[in-house]
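Data block for start-v1.cif (mmCIF, C-alpha atoms and all ligand atoms):
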data_entry
loop_
_atom_site.label_atom_id
_atom_site.label_comp_id
_atom_site.auth_asym_id
_atom_site.auth_seq_id
_atom_site.Cartn_x
_atom_site.Cartn_y
_atom_site.Cartn_z
CA MET A 24 66.22 -22.38 -2.86
CA ALA A 25 68.13 -24.45 -0.32
CA LEU A 26 64.89 -25.05 1.60
CA THR A 27 63.08 -26.23 -1.52
CA SER A 28 65.76 -28.71 -2.43
CA TYR A 29 65.86 -29.97 1.16
CA ALA A 30 62.09 -30.60 1.16
CA GLN A 31 62.42 -32.22 -2.22
CA GLN A 32 64.99 -34.58 -0.85
CA ASP A 33 62.70 -35.46 2.07
CA ASP A 34 59.83 -36.14 -0.29
CA SER A 35 61.96 -38.14 -2.61
CA LEU A 36 63.10 -40.35 0.29
CA ALA A 37 59.56 -40.71 1.64
CA ILE A 38 58.27 -41.81 -1.76
CA ARG A 39 61.23 -44.18 -2.11
CA ARG A 40 60.26 -45.81 1.22
CA ILE A 41 56.64 -46.19 0.07
CA ALA A 42 57.74 -47.70 -3.24
CA ASP A 43 60.17 -50.10 -1.53
CA GLU A 44 57.45 -51.29 0.82
CA ILE A 45 54.95 -51.91 -1.99
CA LEU A 46 57.45 -53.51 -4.35
CA THR A 47 58.72 -55.91 -1.69
CA ASN A 48 55.77 -56.61 0.62
CA SER A 49 52.63 -55.80 -1.38
CA LYS A 50 49.45 -57.73 -0.67
CA ALA A 51 47.75 -56.38 -3.79
CA TYR A 52 48.38 -59.40 -6.02
CA ASP A 53 47.34 -61.93 -3.36
CA ASN A 54 44.24 -59.91 -2.58
CA LEU A 55 43.40 -59.86 -6.28
CA ARG A 56 43.83 -63.61 -6.51
CA VAL A 57 41.35 -64.20 -3.69
CA LEU A 58 38.81 -61.74 -5.10
CA THR A 59 38.95 -63.08 -8.65
CA LYS A 60 39.48 -66.79 -8.03
CA THR A 61 37.28 -67.41 -5.00
CA ILE A 62 34.49 -64.95 -5.88
CA GLY A 63 34.90 -64.15 -9.58
CA GLY A 64 32.44 -61.97 -11.51
CA ARG A 65 30.37 -59.84 -9.11
CA LEU A 66 27.66 -57.91 -10.85
CA ALA A 67 25.42 -55.67 -8.75
CA GLY A 68 22.60 -57.68 -7.23
CA SER A 69 24.33 -61.05 -7.58
CA PRO A 70 25.23 -63.38 -4.68
CA GLN A 71 28.89 -62.81 -5.66
CA MET A 72 28.44 -59.07 -5.01
CA VAL A 73 27.47 -59.87 -1.42
CA LYS A 74 30.55 -62.11 -1.04
CA ALA A 75 32.77 -59.40 -2.53
CA GLU A 76 31.47 -56.86 -0.02
CA LYS A 77 32.43 -59.17 2.85
CA TRP A 78 35.82 -59.73 1.22
CA GLY A 79 36.34 -55.96 0.93
CA GLU A 80 35.58 -55.31 4.59
CA ALA A 81 37.97 -58.06 5.68
CA ALA A 82 40.74 -56.91 3.31
CA LEU A 83 40.50 -53.33 4.60
CA ARG A 84 40.66 -54.53 8.20
CA ASP A 85 43.67 -56.72 7.42
CA ALA A 86 45.36 -53.74 5.78
CA GLY A 87 45.08 -51.87 9.07
CA ALA A 88 42.20 -49.44 8.53
CA ASP A 89 41.27 -47.50 11.68
CA LYS A 90 37.61 -47.87 10.82
CA VAL A 91 35.69 -50.01 8.29
CA TYR A 92 32.06 -49.38 7.46
CA THR A 93 29.52 -49.59 4.65
CA GLN A 94 27.19 -47.18 2.85
CA GLU A 95 23.94 -48.66 1.65
CA CYS A 96 22.59 -47.84 -1.79
CA MET A 97 19.97 -49.29 -4.10
CA VAL A 98 21.47 -51.02 -7.13
CA PRO A 99 19.96 -52.37 -10.35
CA HIS A 100 19.58 -56.12 -10.57
CA TRP A 101 20.14 -57.34 -14.11
CA VAL A 102 20.32 -61.07 -14.72
CA ARG A 103 21.82 -62.64 -17.83
CA GLY A 104 19.79 -65.86 -17.81
CA ASP A 105 20.72 -68.73 -20.15
CA LYS A 106 23.88 -68.75 -22.24
CA GLU A 107 23.18 -66.63 -25.30
CA GLN A 108 22.60 -68.40 -28.61
CA ALA A 109 23.27 -66.92 -32.03
CA ARG A 110 23.73 -68.59 -35.40
CA ILE A 111 23.50 -67.87 -39.08
CA ILE A 112 20.64 -69.64 -40.86
CA SER A 113 20.82 -69.94 -44.62
CA ASN A 114 19.37 -71.81 -47.61
CA ARG A 115 22.90 -72.96 -48.36
CA ARG A 116 23.63 -76.29 -46.78
CA ASP A 117 27.14 -75.51 -45.57
CA PHE A 118 28.11 -75.88 -41.91
CA VAL A 119 28.16 -72.52 -40.13
CA PRO A 120 29.62 -72.40 -36.62
CA PRO A 121 27.57 -70.49 -34.03
CA LEU A 122 28.32 -66.80 -33.46
CA ASN A 123 30.05 -65.87 -30.20
CA VAL A 124 27.85 -63.21 -28.62
CA THR A 125 27.15 -61.80 -25.16
CA ALA A 126 24.03 -59.92 -24.11
CA LEU A 127 24.60 -56.23 -23.45
CA GLY A 128 24.19 -55.27 -19.81
CA ASN A 129 20.70 -54.00 -18.86
CA SER A 130 19.26 -55.37 -22.10
CA VAL A 131 15.99 -57.24 -22.40
CA GLY A 132 15.88 -60.79 -23.73
CA THR A 133 14.45 -62.06 -27.00
CA GLY A 134 12.16 -64.35 -25.03
CA PRO A 135 12.67 -68.12 -24.76
CA LYS A 136 11.80 -68.78 -28.42
CA GLY A 137 14.38 -66.34 -29.76
CA VAL A 138 14.07 -64.25 -32.91
CA THR A 139 15.07 -65.04 -36.47
CA ALA A 140 15.46 -62.17 -38.94
CA SER A 141 17.55 -60.86 -41.80
CA VAL A 142 20.43 -58.66 -40.81
CA ILE A 143 21.16 -55.16 -42.01
CA GLU A 144 24.74 -54.05 -41.42
CA VAL A 145 25.46 -50.37 -40.83
CA LYS A 146 28.80 -48.71 -40.19
CA SER A 147 27.42 -45.63 -38.47
CA PHE A 148 24.32 -43.84 -37.21
CA ASP A 149 24.43 -41.76 -40.40
CA GLU A 150 24.06 -44.93 -42.43
CA LEU A 151 21.27 -46.11 -40.11
CA GLU A 152 19.38 -42.87 -40.75
CA SER A 153 19.90 -43.02 -44.50
CA ARG A 154 18.56 -46.60 -44.62
CA LYS A 155 15.77 -46.21 -42.07
CA ASP A 156 13.11 -47.53 -44.47
CA GLU A 157 14.89 -50.90 -44.74
CA ILE A 158 15.06 -51.60 -41.00
CA LYS A 159 11.59 -52.78 -40.02
CA GLY A 160 11.55 -56.44 -38.91
CA LYS A 161 15.32 -56.82 -39.19
CA ILE A 162 18.28 -57.23 -36.87
CA VAL A 163 20.55 -54.18 -37.07
CA PHE A 164 24.28 -55.00 -36.97
CA TYR A 165 26.45 -52.04 -35.96
CA ASN A 166 29.85 -52.88 -37.36
CA TYR A 167 31.83 -49.80 -36.35
CA PRO A 168 35.48 -50.68 -35.64
CA PHE A 169 37.74 -49.11 -33.03
CA ASN A 170 39.67 -46.34 -34.74
CA PRO A 171 43.33 -47.49 -34.69
CA ARG A 172 44.65 -43.95 -35.13
CA PHE A 173 43.92 -43.07 -31.52
CA VAL A 174 47.13 -43.74 -29.59
CA LYS A 175 45.28 -43.84 -26.27
CA THR A 176 42.71 -46.59 -26.67
CA PHE A 177 40.27 -44.89 -24.28
CA ASN A 178 39.73 -42.36 -27.05
CA ALA A 179 38.79 -45.15 -29.46
CA TYR A 180 36.41 -46.47 -26.82
CA GLY A 181 34.89 -43.02 -26.32
CA ASP A 182 34.44 -42.75 -30.07
CA ALA A 183 32.78 -46.16 -30.56
CA VAL A 184 30.80 -46.79 -27.38
CA LYS A 185 27.75 -44.82 -28.52
CA TYR A 186 26.79 -47.78 -30.70
CA ARG A 187 26.57 -49.97 -27.60
CA GLY A 188 24.84 -47.33 -25.49
CA GLN A 189 22.35 -45.84 -27.95
CA GLY A 190 22.36 -48.39 -30.76
CA PRO A 191 19.43 -50.57 -29.60
CA SER A 192 16.94 -47.73 -29.15
CA ARG A 193 17.99 -45.92 -32.32
CA ALA A 194 17.38 -49.11 -34.30
CA SER A 195 14.14 -49.87 -32.45
CA LYS A 196 12.84 -46.45 -33.48
CA TYR A 197 12.70 -47.74 -37.07
CA GLY A 198 11.23 -51.14 -36.20
CA ALA A 199 14.33 -53.32 -35.71
CA VAL A 200 13.68 -56.53 -33.75
CA ALA A 201 17.15 -56.88 -32.23
CA VAL A 202 20.66 -55.43 -32.39
CA ILE A 203 24.14 -56.92 -32.75
CA VAL A 204 27.03 -54.61 -31.86
CA ARG A 205 30.64 -55.15 -32.87
CA SER A 206 32.60 -55.43 -29.59
CA MET A 207 34.35 -52.33 -28.28
CA SER A 208 37.84 -53.72 -28.70
CA HIS A 209 41.10 -53.94 -30.65
CA SER A 210 41.45 -57.61 -29.72
CA THR A 211 42.57 -60.27 -32.18
CA ASP A 212 40.61 -63.05 -30.45
CA ASN A 213 36.89 -63.73 -30.70
CA HIS A 214 35.66 -62.95 -27.18
CA PRO A 215 32.57 -60.74 -27.20
CA HIS A 216 32.71 -57.72 -24.86
CA THR A 217 29.63 -56.78 -22.87
CA GLY A 218 28.89 -53.39 -21.31
CA GLY A 219 25.89 -51.33 -20.40
CA THR A 220 23.30 -50.22 -22.92
CA HIS A 221 20.80 -47.42 -22.27
CA TYR A 222 17.30 -47.64 -23.64
CA ASN A 223 15.34 -44.59 -24.66
CA ASP A 224 11.90 -45.12 -23.11
CA SER A 225 10.17 -43.63 -26.17
CA PHE A 226 10.81 -46.79 -28.20
CA PRO A 227 10.22 -50.53 -27.61
CA LYS A 228 13.10 -52.23 -25.82
CA ILE A 229 14.72 -54.81 -28.07
CA ALA A 230 17.32 -57.49 -27.38
CA ALA A 231 20.95 -56.48 -27.89
CA VAL A 232 24.18 -58.46 -27.98
CA ALA A 233 27.85 -57.78 -28.67
CA ILE A 234 29.73 -60.02 -31.07
CA GLY A 235 33.40 -61.05 -31.07
CA LEU A 236 35.58 -59.35 -33.68
CA GLN A 237 36.34 -62.45 -35.74
CA ASP A 238 32.66 -63.26 -35.87
CA ALA A 239 31.84 -59.65 -36.75
CA GLU A 240 33.97 -60.06 -39.88
CA ARG A 241 32.45 -63.47 -40.62
CA LEU A 242 28.89 -62.18 -40.26
CA SER A 243 29.65 -59.15 -42.40
CA LYS A 244 31.03 -61.29 -45.25
CA ARG A 245 28.21 -63.80 -45.01
CA ILE A 246 25.35 -61.35 -45.25
CA ALA A 247 27.09 -59.52 -48.09
CA GLY A 248 27.43 -62.74 -50.11
CA ASP A 249 24.34 -64.73 -49.14
CA ARG A 250 20.97 -63.05 -49.58
CA SER A 251 19.17 -65.90 -47.85
CA ALA A 252 21.22 -65.49 -44.66
CA LYS A 253 19.34 -64.76 -41.47
CA VAL A 254 20.38 -64.78 -37.84
CA PHE A 255 18.70 -66.68 -35.02
CA LEU A 256 19.25 -64.97 -31.68
CA ARG A 257 18.12 -66.08 -28.25
CA THR A 258 18.73 -64.28 -24.96
CA THR A 259 16.79 -64.60 -21.72
CA CYS A 260 18.25 -61.71 -19.73
CA GLU A 261 16.00 -59.45 -17.71
CA MET A 262 16.02 -56.45 -15.38
CA ARG A 263 14.57 -57.21 -11.97
CA PRO A 264 13.58 -54.75 -9.24
CA ASP A 265 16.42 -52.79 -7.60
CA THR A 266 18.13 -54.45 -4.68
CA ILE A 267 20.51 -53.35 -1.90
CA GLY A 268 24.24 -52.93 -2.41
CA HIS A 269 27.00 -51.18 -0.45
CA ASN A 270 30.06 -49.00 -0.83
CA ILE A 271 32.76 -50.52 1.37
CA ILE A 272 34.91 -47.93 3.15
CA GLY A 273 38.10 -48.11 5.18
CA GLU A 274 39.65 -45.02 6.79
CA LEU A 275 43.09 -44.00 7.91
CA ARG A 276 42.36 -41.18 10.31
CA GLY A 277 44.07 -37.83 9.69
CA SER A 278 46.47 -36.48 12.31
CA GLU A 279 45.80 -32.75 11.84
CA PHE A 280 42.53 -32.46 9.94
CA PRO A 281 40.60 -35.66 10.63
CA ASP A 282 37.41 -34.08 9.27
CA GLU A 283 38.95 -33.40 5.86
CA TYR A 284 38.92 -36.25 3.39
CA ILE A 285 41.01 -37.61 0.58
CA THR A 286 39.24 -40.43 -1.25
CA VAL A 287 41.04 -43.26 -3.06
CA GLY A 288 39.15 -46.08 -4.67
CA GLY A 289 38.07 -48.49 -7.33
CA HIS A 290 34.80 -50.24 -8.04
CA LEU A 291 34.05 -53.56 -6.43
CA ASP A 292 31.43 -54.75 -8.91
CA SER A 293 32.31 -56.27 -12.26
CA TRP A 294 30.53 -57.82 -15.21
CA ASP A 295 29.36 -61.37 -14.72
CA ASN A 296 31.05 -62.86 -17.80
CA CYS A 297 34.60 -62.49 -16.43
CA GLU A 298 36.62 -62.32 -13.21
CA GLY A 299 36.81 -58.52 -13.33
CA ALA A 300 40.55 -58.64 -12.62
CA HIS A 301 41.64 -55.51 -14.46
CA ASP A 302 38.13 -54.01 -14.30
CA ASP A 303 38.24 -53.25 -11.51
CA GLY A 304 39.68 -55.72 -9.05
CA ALA A 305 43.02 -54.05 -9.77
CA GLY A 306 41.81 -50.61 -8.66
CA CYS A 307 40.35 -52.06 -5.44
CA VAL A 308 43.49 -53.92 -4.40
CA GLN A 309 45.76 -50.97 -5.33
CA SER A 310 43.68 -48.66 -3.13
CA ILE A 311 43.77 -51.13 -0.24
CA GLU A 312 47.53 -51.46 -0.77
CA LEU A 313 48.01 -47.72 -0.32
CA LEU A 314 46.37 -47.94 3.09
CA ARG A 315 48.40 -51.03 4.03
CA ALA A 316 51.70 -49.44 3.04
CA TYR A 317 51.02 -46.16 4.89
CA LYS A 318 50.01 -48.05 8.01
CA LYS A 319 52.98 -50.39 7.86
CA LEU A 320 55.41 -47.47 7.42
CA GLY A 321 53.76 -45.39 10.12
CA ILE A 322 52.80 -42.68 7.63
CA ARG A 323 49.94 -40.86 9.30
CA PRO A 324 48.28 -38.53 6.75
CA LYS A 325 47.24 -35.03 7.86
CA ARG A 326 43.78 -35.56 6.37
CA THR A 327 41.70 -38.69 6.71
CA VAL A 328 42.35 -41.00 3.77
CA ARG A 329 39.28 -42.96 2.80
CA VAL A 330 39.61 -46.05 0.68
CA VAL A 331 36.29 -46.65 -1.05
CA LEU A 332 35.31 -49.81 -2.91
CA PHE A 333 32.39 -48.46 -4.91
CA ALA A 334 29.23 -50.41 -5.65
CA ASN A 335 27.68 -50.80 -9.10
CA GLU A 336 29.92 -48.79 -11.42
CA GLU A 337 29.24 -51.02 -14.41
CA ASN A 338 25.51 -50.79 -14.91
CA GLY A 339 24.29 -47.93 -12.77
CA THR A 340 27.00 -45.84 -11.02
CA ARG A 341 24.77 -45.89 -7.98
CA GLY A 342 27.65 -46.31 -5.51
CA GLY A 343 29.58 -43.29 -6.75
CA ARG A 344 26.46 -41.16 -6.77
CA LYS A 345 25.47 -42.25 -3.27
CA TYR A 346 28.96 -41.41 -1.99
CA ALA A 347 28.74 -37.84 -3.34
CA GLU A 348 25.16 -37.47 -2.16
CA LEU A 349 26.13 -38.36 1.40
CA ALA A 350 29.25 -36.19 1.30
CA LYS A 351 27.00 -33.27 0.36
CA ALA A 352 24.25 -34.09 2.87
CA ASN A 353 26.79 -34.45 5.69
CA ASN A 354 28.64 -31.27 4.70
CA GLU A 355 31.92 -33.15 4.47
CA LYS A 356 35.06 -31.32 3.44
CA HIS A 357 36.78 -33.19 0.62
CA LEU A 358 40.17 -32.18 -0.69
CA PHE A 359 40.70 -34.65 -3.53
CA ALA A 360 39.48 -37.98 -4.90
CA LEU A 361 41.48 -40.48 -6.94
CA GLU A 362 40.20 -43.59 -8.67
CA SER A 363 41.99 -46.45 -10.38
CA ASP A 364 39.70 -47.92 -13.02
CA ALA A 365 41.68 -48.12 -16.22
CA GLY A 366 43.38 -51.47 -15.69
CA GLY A 367 46.27 -52.79 -13.64
CA PHE A 368 48.84 -52.01 -16.32
CA THR A 369 52.09 -50.02 -16.07
CA PRO A 370 51.18 -46.54 -14.83
CA ARG A 371 52.11 -43.56 -17.00
CA GLY A 372 50.45 -40.66 -15.21
CA PHE A 373 47.15 -39.30 -13.98
CA MET A 374 44.14 -37.68 -15.57
CA PHE A 375 42.65 -34.73 -13.72
CA GLU A 376 39.35 -32.93 -13.65
CA MET A 377 40.28 -29.64 -11.98
CA GLU A 378 41.52 -26.10 -12.56
CA THR A 379 44.79 -25.40 -14.40
CA ALA A 380 46.44 -23.91 -11.29
CA ARG A 381 45.92 -27.17 -9.44
CA ARG A 382 47.21 -29.19 -12.38
CA ASP A 383 50.29 -26.94 -12.42
CA LYS A 384 50.85 -27.71 -8.76
CA VAL A 385 50.83 -31.45 -9.53
CA LYS A 386 53.24 -30.82 -12.41
CA SER A 387 55.63 -29.08 -9.99
CA TRP A 388 56.05 -32.52 -8.36
CA ALA A 389 56.98 -34.14 -11.67
CA SER A 390 60.63 -34.79 -10.76
CA LEU A 391 59.50 -36.78 -7.70
CA LEU A 392 57.28 -39.05 -9.79
CA LEU A 393 59.42 -39.47 -12.89
CA PRO A 394 61.69 -42.15 -11.30
CA TYR A 395 58.56 -44.37 -11.19
CA GLY A 396 57.67 -43.80 -14.83
CA ILE A 397 54.94 -41.27 -14.02
CA TYR A 398 55.10 -38.35 -16.45
CA ASP A 399 51.71 -37.81 -18.09
CA PHE A 400 49.58 -35.17 -16.32
CA ASP A 401 47.86 -33.47 -19.24
CA GLU A 402 44.78 -35.60 -19.91
CA VAL A 403 41.45 -34.35 -18.68
CA GLY A 404 39.31 -36.90 -16.88
CA GLY A 405 38.37 -38.52 -13.61
CA GLY A 406 37.10 -41.94 -12.63
CA VAL A 407 33.40 -42.62 -13.14
CA ASP A 408 32.84 -43.19 -9.41
CA VAL A 409 34.56 -39.99 -8.25
CA MET A 410 33.11 -37.74 -10.95
CA PRO A 411 29.88 -37.15 -8.96
CA LEU A 412 32.05 -35.52 -6.25
CA HIS A 413 33.34 -33.15 -8.90
CA ARG A 414 29.94 -32.47 -10.45
CA GLU A 415 28.02 -32.08 -7.19
CA LEU A 416 30.64 -30.48 -4.95
CA GLY A 417 33.36 -29.17 -7.27
CA ILE A 418 36.00 -31.46 -5.73
CA PRO A 419 39.19 -31.97 -7.81
CA VAL A 420 39.21 -35.57 -9.03
CA SER A 421 41.66 -37.81 -10.83
CA GLU A 422 42.12 -41.20 -12.36
CA LEU A 423 45.27 -43.29 -12.60
CA SER A 424 46.33 -43.45 -16.22
CA PRO A 425 48.06 -46.75 -17.03
CA ASP A 426 49.33 -47.80 -20.43
CA SER A 427 46.14 -48.41 -22.40
CA GLN A 428 47.27 -50.62 -25.31
CA ARG A 429 46.02 -53.93 -23.91
CA TYR A 430 43.07 -52.81 -21.80
CA PHE A 431 40.38 -53.16 -24.43
CA ASP A 432 41.62 -56.62 -25.41
CA ILE A 433 40.08 -57.89 -22.17
CA HIS A 434 37.65 -55.15 -21.04
CA HIS A 435 34.22 -56.65 -20.16
CA ALA A 436 35.21 -59.96 -21.82
CA ALA A 437 35.80 -63.48 -20.50
CA SER A 438 39.53 -62.83 -20.89
CA ASP A 439 39.57 -60.30 -18.01
CA VAL A 440 40.96 -62.83 -15.56
CA PHE A 441 43.59 -62.84 -12.81
CA GLU A 442 46.18 -64.34 -15.17
CA ALA A 443 45.92 -61.25 -17.40
CA VAL A 444 47.29 -59.05 -14.59
CA ASN A 445 51.04 -58.68 -14.13
CA LYS A 446 52.13 -58.49 -10.49
CA ARG A 447 54.80 -55.82 -11.01
CA GLU A 448 52.61 -53.62 -13.17
CA LEU A 449 49.80 -53.84 -10.62
CA GLU A 450 52.19 -52.84 -7.83
CA MET A 451 53.66 -49.97 -9.81
CA GLY A 452 50.14 -48.57 -10.08
CA ALA A 453 49.80 -48.74 -6.30
CA VAL A 454 53.16 -46.97 -5.96
CA ALA A 455 52.01 -44.16 -8.25
CA MET A 456 48.75 -43.70 -6.35
CA SER A 457 50.46 -43.80 -2.95
CA ALA A 458 53.05 -41.23 -4.04
CA LEU A 459 50.47 -38.82 -5.44
CA ILE A 460 48.26 -39.05 -2.34
CA TYR A 461 51.31 -38.51 -0.13
CA LEU A 462 52.05 -35.24 -1.94
CA VAL A 463 48.44 -34.07 -2.13
CA ASP A 464 48.01 -34.67 1.61
CA LYS A 465 51.27 -32.91 2.47
CA TYR A 466 50.94 -29.86 0.23
CA GLY A 467 47.24 -29.60 -0.55
CA LEU A 468 45.97 -28.73 -4.01
ZN ZN B 501 35.68 -50.33 -14.46
#
For this file, produce the structure as structure tokens.
Amino acid sequence: MALTSYAQQDDSLAIRRIADEILTNSKAYDNLRVLTKTIGGRLAGSPQMVKAEKWGEAALRDAGADKVYTQECMVPHWVRGDKEQARIISNRRDFVPPLNVTALGNSVGTGPKGVTASVIEVKSFDELESRKDEIKGKIVFYNYPFNPRFVKTFNAYGDAVKYRGQGPSRASKYGAVAVIVRSMSHSTDNHPHTGGTHYNDSFPKIAAVAIGLQDAERLSKRIAGDRSAKVFLRTTCEMRPDTIGHNIIGELRGSEFPDEYITVGGHLDSWDNCEGAHDDGAGCVQSIELLRAYKKLGIRPKRTVRVVLFANEENGTRGGRKYAELAKANNEKHLFALESDAGGFTPRGFMFEMETARRDKVKSWASLLLPYGIYDFDEVGGGVDVMPLHRELGIPVSELSPDSQRYFDIHHAASDVFEAVNKRELEMGAVAMSALIYLVDKYGL
């Protein structure tokens, strides 16, 4: 008993030192400023992606990594083209402002002439199926709102995102010419939110856009009250051949088991319509901050800690899959992998994808984490980029779980900018990650 409390006191002091270092000397916020303001949006395949890779290597070196290197992987190369155009056309002669839309990632364009068609609004796939005979030649408008009853907004996202992912092909099956999807958001503004869509190759690929929430309501009312209303839509996006991208990796070499790995990371790519500050610049700079703080404090982990800035999470997950593929091919021993990809907001806990016994072990550290507001260990989940390690190699994986109330206000929208990130909240996330990794390295899982 005495021994346990003594170790607990040691751990509590060690975590206090880490927190003090991050909360007083963090480079995370400055790093985020450089990434978002000098490079900005950095979609896979873009020139900004190449700049961001160089930035990542330099930032890891500055943080004190023992070794910095890259892993090559092929990435999709989707290009948005011209600014999207969408407007309501009607026999009425009133002035109708244009609709604020953004092409869905990976979608095809309408072609330079655009399409004009009547709009059929559906609230669900069930309604789509029941009205399948009315769809030919029309634009299908999926107007399915985020369910406000979910307290954790990621659950509302999980519930609604099928309309973005599958909506275009399911409408195309019945002859639709294009699709408009209500943005995956609780926001009160009118920014449209992009995100990847996934075509089913059995049906023609049709253009697909997301619409801001105010305009979703406006369009819904208009088509209900004006039978002559049509929508003109023009997008010129296209998918080009795959190109080369890289995972950017910095290591802090382990003192006792240098050939055993603990991975910590975020994804370096972002959508092109924003600065990708919360998604996922935050996760990148928090992971780099962990390495910087350990190095500065002389904390030498037993296992090698690898900070990974993953390529191409948003529209392909190729970086995360390549990382697991190489870990498997090289017979690497991985203990644990943690990702931060849920926004740079105040941390509340961690999600885990692993056995109950391991989760119980994390819960036994609860009193060490509670002083930093970390208490929620019950959600099941892991970051998209570390999940392949779990699926392919059975590695326990985790994702930082910040407060989720504001994330989908800005997710994949033009409002995901540096100014939307709070310095203290960002740093608290880095504290939480650094504390968890300290304990996992010391005690195993
Ligand atoms: Zn993300």
I'd like the contact shell of Gly128 of chain A - 7 Å cut-off, all atoms listed in the file, skipping same-chain residues fewer than 4 positions apart - returned as a tab-separated table (two decimals) with C-alpha atoms, keeping the file's coordinate frame.
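Written out: result-v9.tsv:
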chain	number	residue	atom	x	y	z
A	217	THR	CA	29.63	-56.78	-22.87
A	218	GLY	CA	28.89	-53.39	-21.31
A	219	GLY	CA	25.89	-51.33	-20.40
A	220	THR	CA	23.30	-50.22	-22.92
A	338	ASN	CA	25.51	-50.79	-14.91
- What residues have any atom no more than 12 Å from ligand ZN 501 (chain B) when counting only C-alpha atoms and all ligand atoms, and can you list them as a VMD selection string? chain A and resid 66 218 to 219 288 to 294 299 to 307 332 to 340 362 to 367 406 to 408 422 430 to 431 433 to 435 439
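Using all atoms listed in the file, the smallest distance between any of A:Pro281, A:Pro411, A:Gly160, A:Pro425 and Glu355 of chain A comes from A:Pro281.
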- Item | Who sits within 12 Å of Arg414 of chain A, all atoms listed in the file, same chain under 3 positions skipped, as a PyMOL selection string | chain A and resi 343-344+347-348+351+376-377+405+407-411+417-420
- Query: Can you find the residues with an atom no farther than 12 Å from (47.8, -58.9, -4.8), counting only C-alpha atoms, and report them as a PyMOL selection string?
  - Reply: chain A and resi 45-60+82+300-301+304-312+315+367+441-442+444-453
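Note that the spacing between atom CA of Pro264 of chain A and atom CA of Gln189 of chain A amounts to 22.5 Å.
Our summary of the geometry notes that atom CA of Ser113 of chain A is positioned 25.9 Å from atom CA of Ser147 of chain A.
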If you count all atoms listed in the file, which residues fall within 8 Å of Asp238 of chain A, apart from same-chain ones fewer than 3 positions away, as a PDB file with C-alpha atoms, keeping the file's coordinate frame?
ATOM      1  CA  LEU A 122      28.320 -66.800 -33.460  1.00  0.00           C
ATOM      2  CA  ASN A 123      30.050 -65.870 -30.200  1.00  0.00           C
ATOM      3  CA  ASN A 213      36.890 -63.730 -30.700  1.00  0.00           C
ATOM      4  CA  ILE A 234      29.730 -60.020 -31.070  1.00  0.00           C
ATOM      5  CA  GLY A 235      33.400 -61.050 -31.070  1.00  0.00           C
ATOM      6  CA  ARG A 241      32.450 -63.470 -40.620  1.00  0.00           C
ATOM      7  CA  LEU A 242      28.890 -62.180 -40.260  1.00  0.00           C
TER       8      LEU A 242
END
Show me, as a Markdown table, the residues of segment 179-290 of chain A having an atom within 12 Å of segment 357-360 of chain A, each with the closest atom pair and its distance in Å, using all atoms listed in the file.
| residue | atom | partner | partner_atom | distance |
| --- | --- | --- | --- | --- |
| A:Phe280 | CA | A:Leu358 | CA | 10.9 |
| A:Pro281 | CA | A:His357 | CA | 11.0 |
| A:Asp282 | CA | A:His357 | CA | 8.7 |
| A:Glu283 | CA | A:His357 | CA | 5.7 |
| A:Tyr284 | CA | A:His357 | CA | 4.6 |
| A:Ile285 | CA | A:Phe359 | CA | 5.1 |
| A:Thr286 | CA | A:Ala360 | CA | 4.4 |
| A:Val287 | CA | A:Ala360 | CA | 5.8 |
| A:Gly288 | CA | A:Ala360 | CA | 8.1 |
| A:Gly289 | CA | A:Ala360 | CA | 10.9 |
- Query: What is the atom CA of Leu236 of chain A-atom CA of Tyr165 of chain A distance in Å, reported with one decimal?
  - Reply: 11.9 Å
- Message: Taking only C-alpha atoms into account, name the residue in A:Arg187, A:Arg154, A:His209, A:Arg115 that is nearest to Arg250 of chain A.
- Response: A:Arg115
Coordinates of box centre and edge lengths for segment 347-357 of chain A, 3 Å on every side, axis-aligned, as AutoDock Vina command-line options:
--center_x 30.5 --center_y -34.8 --center_z 1.2 --size_x 18.5 --size_y 13.1 --size_z 15.0
- So which one's closest to Thr176 of chain A, A:Ala42, A:Val145, A:Val163, A:Met207? Using all atoms listed in the file, please.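 Selected residue with least distance to Thr176 of chain A: A:Met207.
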Where does segment 180-276 of chain A meet segment 318-325 of chain A within 12 Å, residue by residue, with the nearest atom pair and distance in Å to one decimal for each, counting all atoms listed in the file, listed by chain and rising number, as JSON lines?
{"residue": "A:Glu274", "atom": "CA", "partner": "A:Pro324", "partner_atom": "CA", "distance": 10.8}
{"residue": "A:Leu275", "atom": "CA", "partner": "A:Pro324", "partner_atom": "CA", "distance": 7.6}
{"residue": "A:Arg276", "atom": "CA", "partner": "A:Pro324", "partner_atom": "CA", "distance": 7.4}
